[in-house]
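Source file data.pdb; content: PDB, C-alpha atoms, pLDDT in the B column.
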```pdb
MODEL        1
ATOM      1  CA  MET A   7       8.115  14.901 -17.792  1.00 59.00           C
ATOM      2  CA  PRO A   8       5.704  16.524 -15.355  1.00 66.00           C
ATOM      3  CA  GLY A   9       5.007  20.214 -15.570  1.00 52.00           C
ATOM      4  CA  GLU A  10       4.592  20.632 -11.809  1.00 63.00           C
ATOM      5  CA  ALA A  11       6.146  19.509  -8.558  1.00 68.00           C
ATOM      6  CA  ILE A  12       5.704  15.843  -7.701  1.00 73.00           C
ATOM      7  CA  PRO A  13       3.653  15.399  -4.502  1.00 72.00           C
ATOM      8  CA  THR A  14       5.558  13.672  -1.716  1.00 76.00           C
ATOM      9  CA  LEU A  15       5.275  13.013   1.999  1.00 78.00           C
ATOM     10  CA  PRO A  16       7.809  14.406   4.476  1.00 84.00           C
ATOM     11  CA  PRO A  17      10.762  11.968   4.275  1.00 87.00           C
ATOM     12  CA  LEU A  18      10.314  10.468   7.742  1.00 90.00           C
ATOM     13  CA  LEU A  19       6.593   9.873   7.242  1.00 89.00           C
ATOM     14  CA  ASP A  20       7.280   8.368   3.821  1.00 93.00           C
ATOM     15  CA  LEU A  21       9.812   5.942   5.281  1.00 94.00           C
ATOM     16  CA  LEU A  22       7.419   5.082   8.099  1.00 93.00           C
ATOM     17  CA  GLY A  23       4.677   4.203   5.619  1.00 94.00           C
ATOM     18  CA  ILE A  24       7.047   2.070   3.559  1.00 96.00           C
ATOM     19  CA  ALA A  25       8.227   0.383   6.774  1.00 96.00           C
ATOM     20  CA  VAL A  26       4.653  -0.595   7.689  1.00 94.00           C
ATOM     21  CA  PHE A  27       4.134  -2.241   4.295  1.00 95.00           C
ATOM     22  CA  ALA A  28       7.549  -3.904   4.511  1.00 96.00           C
ATOM     23  CA  LEU A  29       6.741  -5.289   7.965  1.00 95.00           C
ATOM     24  CA  SER A  30       3.574  -6.926   6.671  1.00 94.00           C
ATOM     25  CA  GLY A  31       5.641  -8.675   4.014  1.00 95.00           C
ATOM     26  CA  ALA A  32       8.334  -9.803   6.436  1.00 95.00           C
ATOM     27  CA  LEU A  33       5.760 -11.113   8.904  1.00 94.00           C
ATOM     28  CA  LEU A  34       4.062 -13.195   6.236  1.00 94.00           C
ATOM     29  CA  ALA A  35       7.397 -14.808   5.361  1.00 95.00           C
ATOM     30  CA  ALA A  36       8.026 -15.382   9.074  1.00 95.00           C
ATOM     31  CA  ARG A  37       4.605 -17.008   9.438  1.00 93.00           C
ATOM     32  CA  LEU A  38       5.601 -19.353   6.626  1.00 94.00           C
ATOM     33  CA  ARG A  39       8.896 -20.101   8.451  1.00 95.00           C
ATOM     34  CA  GLN A  40      11.079 -18.919   5.607  1.00 96.00           C
ATOM     35  CA  THR A  41      14.763 -17.941   5.607  1.00 97.00           C
ATOM     36  CA  PHE A  42      16.045 -14.436   6.253  1.00 97.00           C
ATOM     37  CA  VAL A  43      16.651 -13.988   2.518  1.00 97.00           C
ATOM     38  CA  THR A  44      12.938 -14.589   1.911  1.00 97.00           C
ATOM     39  CA  LEU A  45      11.986 -12.225   4.738  1.00 97.00           C
ATOM     40  CA  ALA A  46      14.167  -9.506   3.224  1.00 97.00           C
ATOM     41  CA  PHE A  47      12.776 -10.074  -0.264  1.00 98.00           C
ATOM     42  CA  PHE A  48       9.168 -10.018   0.959  1.00 97.00           C
ATOM     43  CA  ALA A  49       9.838  -6.846   2.940  1.00 97.00           C
ATOM     44  CA  LEU A  50      11.325  -5.073  -0.073  1.00 97.00           C
ATOM     45  CA  VAL A  51       8.699  -6.245  -2.561  1.00 97.00           C
ATOM     46  CA  THR A  52       5.819  -5.319  -0.282  1.00 97.00           C
ATOM     47  CA  GLY A  53       7.341  -1.982   0.685  1.00 97.00           C
ATOM     48  CA  VAL A  54       8.127  -0.697  -2.807  1.00 97.00           C
ATOM     49  CA  GLY A  55       6.182  -2.957  -5.193  1.00 97.00           C
ATOM     50  CA  GLY A  56       3.182  -0.707  -5.806  1.00 97.00           C
ATOM     51  CA  GLY A  57       5.194   2.464  -6.317  1.00 97.00           C
ATOM     52  CA  THR A  58       7.640   0.637  -8.580  1.00 98.00           C
ATOM     53  CA  VAL A  59       4.910  -0.666 -10.893  1.00 98.00           C
ATOM     54  CA  ARG A  60       3.281   2.778 -10.966  1.00 97.00           C
ATOM     55  CA  ASP A  61       6.521   4.549 -11.885  1.00 97.00           C
ATOM     56  CA  LEU A  62       7.310   2.035 -14.622  1.00 97.00           C
ATOM     57  CA  LEU A  63       3.825   2.437 -16.104  1.00 97.00           C
ATOM     58  CA  ILE A  64       3.843   6.252 -16.113  1.00 97.00           C
ATOM     59  CA  GLY A  65       7.438   6.528 -17.317  1.00 96.00           C
ATOM     60  CA  ALA A  66       8.815   8.100 -14.142  1.00 95.00           C
ATOM     61  CA  PRO A  67      12.156   7.253 -12.514  1.00 95.00           C
ATOM     62  CA  VAL A  68      11.515   4.430 -10.042  1.00 96.00           C
ATOM     63  CA  PHE A  69      11.177   6.276  -6.756  1.00 95.00           C
ATOM     64  CA  TRP A  70      13.395   4.149  -4.506  1.00 96.00           C
ATOM     65  CA  VAL A  71      16.292   3.234  -6.795  1.00 96.00           C
ATOM     66  CA  ARG A  72      18.261   6.433  -6.184  1.00 91.00           C
ATOM     67  CA  ASP A  73      16.978   7.004  -2.654  1.00 94.00           C
ATOM     68  CA  PRO A  74      19.672   6.068  -0.120  1.00 95.00           C
ATOM     69  CA  TRP A  75      17.178   5.147   2.609  1.00 96.00           C
ATOM     70  CA  VAL A  76      14.272   3.129   1.221  1.00 97.00           C
ATOM     71  CA  ALA A  77      16.028  -0.190   0.585  1.00 97.00           C
ATOM     72  CA  PRO A  78      17.988  -0.064   3.873  1.00 97.00           C
ATOM     73  CA  VAL A  79      14.765   0.617   5.788  1.00 97.00           C
ATOM     74  CA  CYS A  80      13.075  -2.408   4.187  1.00 97.00           C
ATOM     75  CA  LEU A  81      16.082  -4.608   4.965  1.00 97.00           C
ATOM     76  CA  GLY A  82      16.209  -3.228   8.503  1.00 97.00           C
ATOM     77  CA  ILE A  83      12.549  -4.126   8.965  1.00 97.00           C
ATOM     78  CA  ALA A  84      13.358  -7.655   7.789  1.00 97.00           C
ATOM     79  CA  LEU A  85      16.098  -7.873  10.432  1.00 97.00           C
ATOM     80  CA  LEU A  86      13.697  -6.615  13.077  1.00 96.00           C
ATOM     81  CA  ALA A  87      11.116  -9.234  12.113  1.00 95.00           C
ATOM     82  CA  TRP A  88      13.782 -11.952  12.081  1.00 96.00           C
ATOM     83  CA  PHE A  89      15.057 -11.246  15.580  1.00 96.00           C
ATOM     84  CA  THR A  90      11.732 -10.633  17.338  1.00 94.00           C
ATOM     85  CA  PRO A  91       8.706 -12.850  18.091  1.00 93.00           C
ATOM     86  CA  ARG A  92       6.043 -12.510  15.423  1.00 87.00           C
ATOM     87  CA  ARG A  93       3.311 -12.035  18.048  1.00 87.00           C
ATOM     88  CA  TRP A  94       4.834  -8.661  18.982  1.00 90.00           C
ATOM     89  CA  TRP A  95       3.803  -7.186  15.658  1.00 87.00           C
ATOM     90  CA  GLU A  96       0.666  -8.926  14.510  1.00 79.00           C
ATOM     91  CA  GLY A  97      -2.733  -7.621  15.485  1.00 81.00           C
ATOM     92  CA  GLN A  98      -5.050  -4.724  14.853  1.00 86.00           C
ATOM     93  CA  LEU A  99      -2.392  -2.041  15.373  1.00 87.00           C
ATOM     94  CA  LEU A 100      -0.567  -3.215  12.261  1.00 90.00           C
ATOM     95  CA  GLU A 101      -3.875  -3.457  10.394  1.00 92.00           C
ATOM     96  CA  TRP A 102      -4.755   0.132  11.255  1.00 94.00           C
ATOM     97  CA  ALA A 103      -1.284   1.375  10.314  1.00 93.00           C
ATOM     98  CA  ASP A 104      -1.583  -0.500   7.020  1.00 95.00           C
ATOM     99  CA  ALA A 105      -4.994   1.118   6.452  1.00 95.00           C
ATOM    100  CA  ALA A 106      -3.470   4.570   6.878  1.00 95.00           C
ATOM    101  CA  GLY A 107      -0.625   3.721   4.502  1.00 95.00           C
ATOM    102  CA  LEU A 108      -3.047   2.308   1.947  1.00 97.00           C
ATOM    103  CA  ALA A 109      -5.135   5.481   1.864  1.00 96.00           C
ATOM    104  CA  VAL A 110      -2.225   7.913   1.832  1.00 96.00           C
ATOM    105  CA  TYR A 111      -0.282   6.115  -0.882  1.00 97.00           C
ATOM    106  CA  ALA A 112      -3.373   5.707  -3.035  1.00 97.00           C
ATOM    107  CA  VAL A 113      -3.760   9.489  -2.936  1.00 97.00           C
ATOM    108  CA  LEU A 114      -0.071  10.180  -3.541  1.00 96.00           C
ATOM    109  CA  GLY A 115       0.049   7.673  -6.398  1.00 97.00           C
ATOM    110  CA  THR A 116      -2.926   9.316  -8.058  1.00 97.00           C
ATOM    111  CA  ALA A 117      -1.514  12.802  -7.565  1.00 96.00           C
ATOM    112  CA  LYS A 118       1.842  11.753  -9.010  1.00 96.00           C
ATOM    113  CA  ALA A 119       0.178  10.203 -12.047  1.00 96.00           C
ATOM    114  CA  LEU A 120      -1.835  13.384 -12.603  1.00 96.00           C
ATOM    115  CA  ALA A 121       1.350  15.441 -12.299  1.00 94.00           C
ATOM    116  CA  TRP A 122       2.881  13.277 -15.037  1.00 95.00           C
ATOM    117  CA  GLY A 123      -0.013  14.148 -17.334  1.00 95.00           C
ATOM    118  CA  LEU A 124      -2.229  11.062 -17.064  1.00 97.00           C
ATOM    119  CA  PRO A 125      -6.003  11.468 -17.507  1.00 97.00           C
ATOM    120  CA  PRO A 126      -8.112  11.061 -14.355  1.00 97.00           C
ATOM    121  CA  VAL A 127      -9.227   7.428 -14.782  1.00 98.00           C
ATOM    122  CA  PRO A 128      -5.747   5.996 -15.496  1.00 98.00           C
ATOM    123  CA  ALA A 129      -4.413   8.178 -12.682  1.00 98.00           C
ATOM    124  CA  VAL A 130      -6.942   6.632 -10.276  1.00 98.00           C
ATOM    125  CA  LEU A 131      -5.782   3.176 -11.349  1.00 98.00           C
ATOM    126  CA  MET A 132      -2.189   4.223 -10.685  1.00 98.00           C
ATOM    127  CA  GLY A 133      -3.268   5.245  -7.183  1.00 97.00           C
ATOM    128  CA  VAL A 134      -4.840   1.851  -6.576  1.00 98.00           C
ATOM    129  CA  ILE A 135      -1.704   0.156  -7.912  1.00 98.00           C
ATOM    130  CA  THR A 136       0.466   2.227  -5.592  1.00 97.00           C
ATOM    131  CA  GLY A 137      -1.517   1.225  -2.529  1.00 96.00           C
ATOM    132  CA  CYS A 138      -2.250  -2.418  -3.343  1.00 97.00           C
ATOM    133  CA  VAL A 139       0.178  -4.056  -5.755  1.00 97.00           C
ATOM    134  CA  GLY A 140       2.958  -4.601  -3.219  1.00 96.00           C
ATOM    135  CA  GLY A 141       0.569  -6.653  -1.093  1.00 94.00           C
ATOM    136  CA  ILE A 142      -0.749  -8.511  -4.141  1.00 95.00           C
ATOM    137  CA  ILE A 143       2.776  -9.509  -5.204  1.00 96.00           C
ATOM    138  CA  ARG A 144       3.523 -10.583  -1.617  1.00 94.00           C
ATOM    139  CA  ASP A 145       0.451 -12.804  -1.456  1.00 94.00           C
ATOM    140  CA  VAL A 146       1.024 -14.353  -4.883  1.00 94.00           C
ATOM    141  CA  LEU A 147       4.626 -15.217  -3.985  1.00 94.00           C
ATOM    142  CA  ALA A 148       3.389 -16.748  -0.720  1.00 94.00           C
ATOM    143  CA  GLY A 149       0.870 -18.892  -2.580  1.00 93.00           C
ATOM    144  CA  ARG A 150      -2.184 -17.559  -0.779  1.00 90.00           C
ATOM    145  CA  PRO A 151      -5.272 -15.729  -2.080  1.00 88.00           C
ATOM    146  CA  SER A 152      -4.258 -12.129  -2.654  1.00 87.00           C
ATOM    147  CA  ILE A 153      -6.068  -9.098  -1.317  1.00 86.00           C
ATOM    148  CA  LEU A 154      -7.510  -8.752  -4.819  1.00 85.00           C
ATOM    149  CA  MET A 155      -9.202 -12.158  -4.479  1.00 85.00           C
ATOM    150  CA  ARG A 156     -10.683 -11.593  -1.026  1.00 82.00           C
ATOM    151  CA  PRO A 157     -14.012  -9.803  -0.454  1.00 84.00           C
ATOM    152  CA  GLU A 158     -12.758  -7.528   2.335  1.00 86.00           C
ATOM    153  CA  LEU A 159     -12.857  -3.786   1.636  1.00 92.00           C
ATOM    154  CA  TYR A 160      -9.188  -3.174   0.836  1.00 95.00           C
ATOM    155  CA  VAL A 161      -8.787  -2.419  -2.848  1.00 95.00           C
ATOM    156  CA  THR A 162     -12.148  -0.631  -2.635  1.00 96.00           C
ATOM    157  CA  ALA A 163     -10.782   1.707   0.037  1.00 97.00           C
ATOM    158  CA  ALA A 164      -7.773   2.522  -2.133  1.00 97.00           C
ATOM    159  CA  ALA A 165     -10.086   3.157  -5.097  1.00 97.00           C
ATOM    160  CA  LEU A 166     -12.212   5.538  -3.020  1.00 98.00           C
ATOM    161  CA  ALA A 167      -9.196   7.555  -1.885  1.00 98.00           C
ATOM    162  CA  ALA A 168      -7.748   7.666  -5.402  1.00 98.00           C
ATOM    163  CA  SER A 169     -11.070   8.646  -6.997  1.00 98.00           C
ATOM    164  CA  LEU A 170     -11.671  11.490  -4.559  1.00 98.00           C
ATOM    165  CA  CYS A 171      -8.148  12.764  -5.163  1.00 97.00           C
ATOM    166  CA  ALA A 172      -8.727  12.849  -8.925  1.00 98.00           C
ATOM    167  CA  LEU A 173     -12.165  14.429  -8.444  1.00 98.00           C
ATOM    168  CA  GLY A 174     -10.642  17.159  -6.313  1.00 97.00           C
ATOM    169  CA  GLU A 175      -8.151  17.880  -9.094  1.00 95.00           C
ATOM    170  CA  MET A 176     -10.897  18.009 -11.722  1.00 95.00           C
ATOM    171  CA  LEU A 177     -12.882  20.447  -9.577  1.00 97.00           C
ATOM    172  CA  ALA A 178      -9.759  22.526  -8.905  1.00 95.00           C
ATOM    173  CA  LEU A 179     -10.209  22.228  -5.145  1.00 95.00           C
ATOM    174  CA  PRO A 180      -7.324  23.273  -2.888  1.00 94.00           C
ATOM    175  CA  ARG A 181      -4.990  20.304  -2.951  1.00 91.00           C
ATOM    176  CA  GLU A 182      -4.325  20.193   0.775  1.00 90.00           C
ATOM    177  CA  LEU A 183      -8.071  19.949   1.375  1.00 95.00           C
ATOM    178  CA  ALA A 184      -8.788  17.508  -1.445  1.00 95.00           C
ATOM    179  CA  TRP A 185      -5.879  15.174  -0.718  1.00 95.00           C
ATOM    180  CA  THR A 186      -6.502  15.155   3.023  1.00 95.00           C
ATOM    181  CA  GLY A 187     -10.209  14.490   2.564  1.00 97.00           C
ATOM    182  CA  ALA A 188      -9.507  11.710   0.050  1.00 97.00           C
ATOM    183  CA  ALA A 189      -7.018  10.007   2.373  1.00 97.00           C
ATOM    184  CA  LEU A 190      -9.370  10.261   5.343  1.00 97.00           C
ATOM    185  CA  ALA A 191     -12.231   8.787   3.308  1.00 98.00           C
ATOM    186  CA  GLY A 192     -10.124   5.826   2.194  1.00 97.00           C
ATOM    187  CA  PHE A 193      -8.824   5.288   5.715  1.00 97.00           C
ATOM    188  CA  GLY A 194     -12.343   5.547   7.122  1.00 97.00           C
ATOM    189  CA  LEU A 195     -13.718   2.944   4.733  1.00 97.00           C
ATOM    190  CA  ARG A 196     -10.868   0.542   5.427  1.00 96.00           C
ATOM    191  CA  GLY A 197     -11.183   1.153   9.161  1.00 96.00           C
ATOM    192  CA  TRP A 198     -14.909   0.518   8.996  1.00 95.00           C
ATOM    193  CA  ALA A 199     -14.178  -2.810   7.318  1.00 94.00           C
ATOM    194  CA  ILE A 200     -11.597  -3.725   9.975  1.00 93.00           C
ATOM    195  CA  ARG A 201     -13.916  -2.785  12.812  1.00 92.00           C
ATOM    196  CA  PHE A 202     -17.099  -4.412  11.522  1.00 92.00           C
ATOM    197  CA  GLY A 203     -15.776  -7.096   9.152  1.00 87.00           C
ATOM    198  CA  LEU A 204     -17.463  -5.562   6.116  1.00 85.00           C
ATOM    199  CA  ALA A 205     -16.925  -7.130   2.706  1.00 88.00           C
ATOM    200  CA  LEU A 206     -18.195  -6.829  -0.842  1.00 88.00           C
ATOM    201  CA  PRO A 207     -20.885  -9.284  -1.981  1.00 88.00           C
ATOM    202  CA  ALA A 208     -19.642 -12.141  -4.134  1.00 84.00           C
ATOM    203  CA  TYR A 209     -21.060 -13.073  -7.538  1.00 83.00           C
ATOM    204  CA  GLY A 210     -24.146 -15.164  -6.961  1.00 79.00           C
ATOM    205  CA  TRP A 211     -26.041 -15.735 -10.221  1.00 80.00           C
ATOM    206  CA  ASP A 212     -25.029 -19.408 -10.319  1.00 75.00           C
ATOM    207  CA  LYS A 213     -26.808 -20.164  -7.057  1.00 64.00           C
ATOM    208  CA  SER A 214     -29.952 -22.253  -7.365  1.00 56.00           C
TER     209      SER A 214
ENDMDL
END
```

Take the structure in the file and give it back as structure tokens.
Amino acid sequence: MPGEAIPTLPPLLDLLGIAVFALSGALLAARLRQTFVTLAFFALVTGVGGGTVRDLLIGAPVFWVRDPWVAPVCLGIALLAWFTPRRWWEGQLLEWADAAGLAVYAVLGTAKALAWGLPPVPAVLMGVITGCVGGIIRDVLAGRPSILMRPELYVTAAALAASLCALGEMLALPRELAWTGAALAGFGLRGWAIRFGLALPAYGWDKS
């Protein structure tokens, strides 16, 4: 059990972040012309997948199981996606909202893992899992290359935010400052990639 308070977002902001992730899952299922059951499943898996895997790995109670609002919000997002044209939601606004959620949840996942007594490096990995695994599960289920298999700066942005959060803890910096700076750095890197199409170089030693 942790020896300190678990870091959380204000409830409405937390639900908003989960809703953004859930919407990305529902829209992918809609793009594939799936049934409402699939939309709902994709919304839930994408919304809570990363935090669920993190909590199972660190031995914490799974964050959404006893929360009366998380699952209904994900299902409500699925309904919204089902009854509205997909073009209303897709575009850079959703990408930027997803970038903010990615950075914030990478920081919160790292901070929670540290609060549960994990060393810094595993805690950073828990932060990356929190921000990215829901999207990875979504993509694998959809049969398309996951964010882990694409060169765009996505997982890298989560890793930056998580690493800076852990570094701030190691240096005993004020948490509000360290966590805010870490989230802004992750968001900035992801936003830079969205704006300029930046990507990591691929392995190239086999080229002639």

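From CA of Glu158 in chain A back to CA of Pro13 in chain A, the distance works out to 29.0 Å.
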
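The environment of range 192-194 of chain A within 8 Å, counting all atoms listed in the file and disregarding residues fewer than 3 places along the same chain, consists of Ala105, Ala106, Leu108, Ala109, Ala163, Ala164, Ala165, Leu166, Ala167, Ala188, Ala189, Gly197 and Trp198 of chain A.
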
(message) List the spatial neighbours of Gly97 in chain A as an NGL selection string - criterion: any atom at most 12 Å away, all atoms listed in the file, same-chain residues fewer than 4 positions off excluded.
(response) :A and (30 or 33 or 92-93 or 101-104 or 200)

(message) I want to know what sits within 10 Å of Val54 in chain A, based on all atoms listed in the file, with residues of the same chain fewer than 5 positions away left out; could you give that as a ChimeraX atom specification?
(response) /A:24-25,27-28,49,59,68-71,76-77,80,136-137,139-141

Could the residues in this selection be saved with C-alpha atoms as a PDB file, in the frame of the given file?
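In the end it all went to result-v4.pdb:
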```
ATOM      1  CA  ILE A  24       7.047   2.070   3.559  1.00 96.00           C
ATOM      2  CA  ALA A  25       8.227   0.383   6.774  1.00 96.00           C
ATOM      3  CA  PHE A  27       4.134  -2.241   4.295  1.00 95.00           C
ATOM      4  CA  ALA A  28       7.549  -3.904   4.511  1.00 96.00           C
ATOM      5  CA  ALA A  49       9.838  -6.846   2.940  1.00 97.00           C
ATOM      6  CA  VAL A  59       4.910  -0.666 -10.893  1.00 98.00           C
ATOM      7  CA  VAL A  68      11.515   4.430 -10.042  1.00 96.00           C
ATOM      8  CA  PHE A  69      11.177   6.276  -6.756  1.00 95.00           C
ATOM      9  CA  TRP A  70      13.395   4.149  -4.506  1.00 96.00           C
ATOM     10  CA  VAL A  71      16.292   3.234  -6.795  1.00 96.00           C
ATOM     11  CA  VAL A  76      14.272   3.129   1.221  1.00 97.00           C
ATOM     12  CA  ALA A  77      16.028  -0.190   0.585  1.00 97.00           C
ATOM     13  CA  CYS A  80      13.075  -2.408   4.187  1.00 97.00           C
ATOM     14  CA  THR A 136       0.466   2.227  -5.592  1.00 97.00           C
ATOM     15  CA  GLY A 137      -1.517   1.225  -2.529  1.00 96.00           C
ATOM     16  CA  VAL A 139       0.178  -4.056  -5.755  1.00 97.00           C
ATOM     17  CA  GLY A 140       2.958  -4.601  -3.219  1.00 96.00           C
ATOM     18  CA  GLY A 141       0.569  -6.653  -1.093  1.00 94.00           C
TER      19      GLY A 141
END
```

(request) Could you list the residues chosen by the PyMOL selection byres ((chain A and resi 122) around 12) in this structure as an MDAnalysis selection string? (result) chainID A and resid 7:13 60:61 63:67 115:121 123:126 128:129 132

(request) Report as a PyMOL selection string the full result of the PyMOL selection byres ((chain A and resi 21) around 12) when it is applied to this structure. (result) chain A and resi 14-20+22-29+53-54+70+73-80+82-83+107+111

(message) Just to confirm, what's the straight-line distance from CA of Leu159 in chain A to CA of Ala184 in chain A in Å (one decimal)?
(response)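 These atoms are spaced 21.9 Å apart.
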
(message) With distances taken over all atoms listed in the file, which residue among A:Arg37, A:Tyr209, A:Tyr160, A:Arg150 lies nearest Ala87 in chain A?
(response)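 Closest residue, counting all atoms listed in the file: A:Arg37.
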
(message) Nearest residue to Gly57 in chain A out of A:Cys138, A:Val130, A:Ala32, A:Gly203, using only C-alpha atoms?
(response)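 Once distances to Gly57 in chain A are computed over only C-alpha atoms, the minimum belongs to A:Cys138.
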
(request) Calculate how many Å separate CA of Ile143 in chain A from CA of Val51 in chain A, rounding to one decimal. (result)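 Taking CA of Ile143 in chain A as the start and CA of Val51 in chain A as the end point, the length is 7.3 Å.
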
(request) May I ask which of the residues A:Ser169, A:Thr162, A:Gln40, A:Thr52 is the closest one to Trp88 in chain A, counting only C-alpha atoms? (result) A:Gln40

(request) Go through A:Thr58, A:Thr186, A:Ser152, A:Thr44 one by one, measure the shortest atom-to-atom distance of each to Val113 in chain A using all atoms listed in the file, and give the residue with the smallest value. (result)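 For Val113 in chain A, the nearest of the candidates is A:Thr186.
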
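Closest approach to Val161 in chain A from the set A:Leu81, A:Leu195, A:Ala208, A:Leu34 is made by A:Leu195, with distances taken over all atoms listed in the file.
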
Build an axis-aligned box that encloses every atom of range 173-176 of chain A listed in the file, pad it by 6 Å on each side, and report its centre and edge lengths in Å to one decimal, as AutoDock Vina command-line options.
```
--center_x -10.2 --center_y 16.2 --center_z -9.0 --size_x 16.0 --size_y 15.6 --size_z 17.4
```

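Distances from A:Ala191, A:Leu85, A:Gly133, A:Val127 to Met176 in chain A were compared using all atoms listed in the file, and the smallest one belongs to A:Val127.
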
Dump all heavy atoms of range 171-178 of chain A from the given block, as a PDB file, in the first residue's frame.
```pdb
ATOM      1  N   CYS A 171       8.716  13.703 -14.713  1.00  0.00           N
ATOM      2  CA  CYS A 171       7.991  13.559 -13.448  1.00  0.00           C
ATOM      3  C   CYS A 171       8.841  12.803 -12.427  1.00  0.00           C
ATOM      4  O   CYS A 171       8.977  13.230 -11.276  1.00  0.00           O
ATOM      5  CB  CYS A 171       6.670  12.838 -13.692  1.00  0.00           C
ATOM      6  SG  CYS A 171       5.760  12.432 -12.182  1.00  0.00           S
ATOM      7  N   ALA A 172       9.414  11.673 -12.850  1.00  0.00           N
ATOM      8  CA  ALA A 172      10.255  10.893 -11.944  1.00  0.00           C
ATOM      9  C   ALA A 172      11.511  11.664 -11.538  1.00  0.00           C
ATOM     10  O   ALA A 172      11.941  11.606 -10.381  1.00  0.00           O
ATOM     11  CB  ALA A 172      10.640   9.569 -12.612  1.00  0.00           C
ATOM     12  N   LEU A 173      12.094  12.417 -12.482  1.00  0.00           N
ATOM     13  CA  LEU A 173      13.275  13.212 -12.170  1.00  0.00           C
ATOM     14  C   LEU A 173      12.943  14.280 -11.134  1.00  0.00           C
ATOM     15  O   LEU A 173      13.722  14.516 -10.202  1.00  0.00           O
ATOM     16  CB  LEU A 173      13.816  13.858 -13.441  1.00  0.00           C
ATOM     17  CG  LEU A 173      15.065  14.728 -13.279  1.00  0.00           C
ATOM     18  CD1 LEU A 173      16.233  13.898 -12.777  1.00  0.00           C
ATOM     19  CD2 LEU A 173      15.419  15.406 -14.606  1.00  0.00           C
ATOM     20  N   GLY A 174      11.797  14.915 -11.293  1.00  0.00           N
ATOM     21  CA  GLY A 174      11.380  15.905 -10.306  1.00  0.00           C
ATOM     22  C   GLY A 174      11.242  15.309  -8.926  1.00  0.00           C
ATOM     23  O   GLY A 174      11.608  15.932  -7.911  1.00  0.00           O
ATOM     24  N   GLU A 175      10.735  14.080  -8.842  1.00  0.00           N
ATOM     25  CA  GLU A 175      10.610  13.398  -7.553  1.00  0.00           C
ATOM     26  C   GLU A 175      11.979  13.082  -6.969  1.00  0.00           C
ATOM     27  O   GLU A 175      12.219  13.266  -5.773  1.00  0.00           O
ATOM     28  CB  GLU A 175       9.802  12.112  -7.739  1.00  0.00           C
ATOM     29  CG  GLU A 175       9.446  11.397  -6.457  1.00  0.00           C
ATOM     30  CD  GLU A 175       8.365  12.097  -5.658  1.00  0.00           C
ATOM     31  OE1 GLU A 175       7.684  12.972  -6.221  1.00  0.00           O
ATOM     32  OE2 GLU A 175       8.202  11.771  -4.467  1.00  0.00           O
ATOM     33  N   MET A 176      12.897  12.632  -7.815  1.00  0.00           N
ATOM     34  CA  MET A 176      14.245  12.300  -7.332  1.00  0.00           C
ATOM     35  C   MET A 176      14.975  13.538  -6.824  1.00  0.00           C
ATOM     36  O   MET A 176      15.769  13.456  -5.877  1.00  0.00           O
ATOM     37  CB  MET A 176      15.046  11.646  -8.461  1.00  0.00           C
ATOM     38  CG  MET A 176      14.529  10.270  -8.871  1.00  0.00           C
ATOM     39  SD  MET A 176      15.317   9.668 -10.389  1.00  0.00           S
ATOM     40  CE  MET A 176      17.031   9.544  -9.864  1.00  0.00           C
ATOM     41  N   LEU A 177      14.700  14.684  -7.450  1.00  0.00           N
ATOM     42  CA  LEU A 177      15.356  15.928  -7.041  1.00  0.00           C
ATOM     43  C   LEU A 177      14.587  16.663  -5.941  1.00  0.00           C
ATOM     44  O   LEU A 177      14.996  17.752  -5.528  1.00  0.00           O
ATOM     45  CB  LEU A 177      15.513  16.852  -8.252  1.00  0.00           C
ATOM     46  CG  LEU A 177      16.416  16.338  -9.378  1.00  0.00           C
ATOM     47  CD1 LEU A 177      16.405  17.307 -10.557  1.00  0.00           C
ATOM     48  CD2 LEU A 177      17.842  16.110  -8.874  1.00  0.00           C
ATOM     49  N   ALA A 178      13.484  16.062  -5.511  1.00  0.00           N
ATOM     50  CA  ALA A 178      12.643  16.639  -4.460  1.00  0.00           C
ATOM     51  C   ALA A 178      12.142  18.036  -4.826  1.00  0.00           C
ATOM     52  O   ALA A 178      12.037  18.923  -3.972  1.00  0.00           O
ATOM     53  CB  ALA A 178      13.399  16.675  -3.127  1.00  0.00           C
TER      54      ALA A 178
END
```
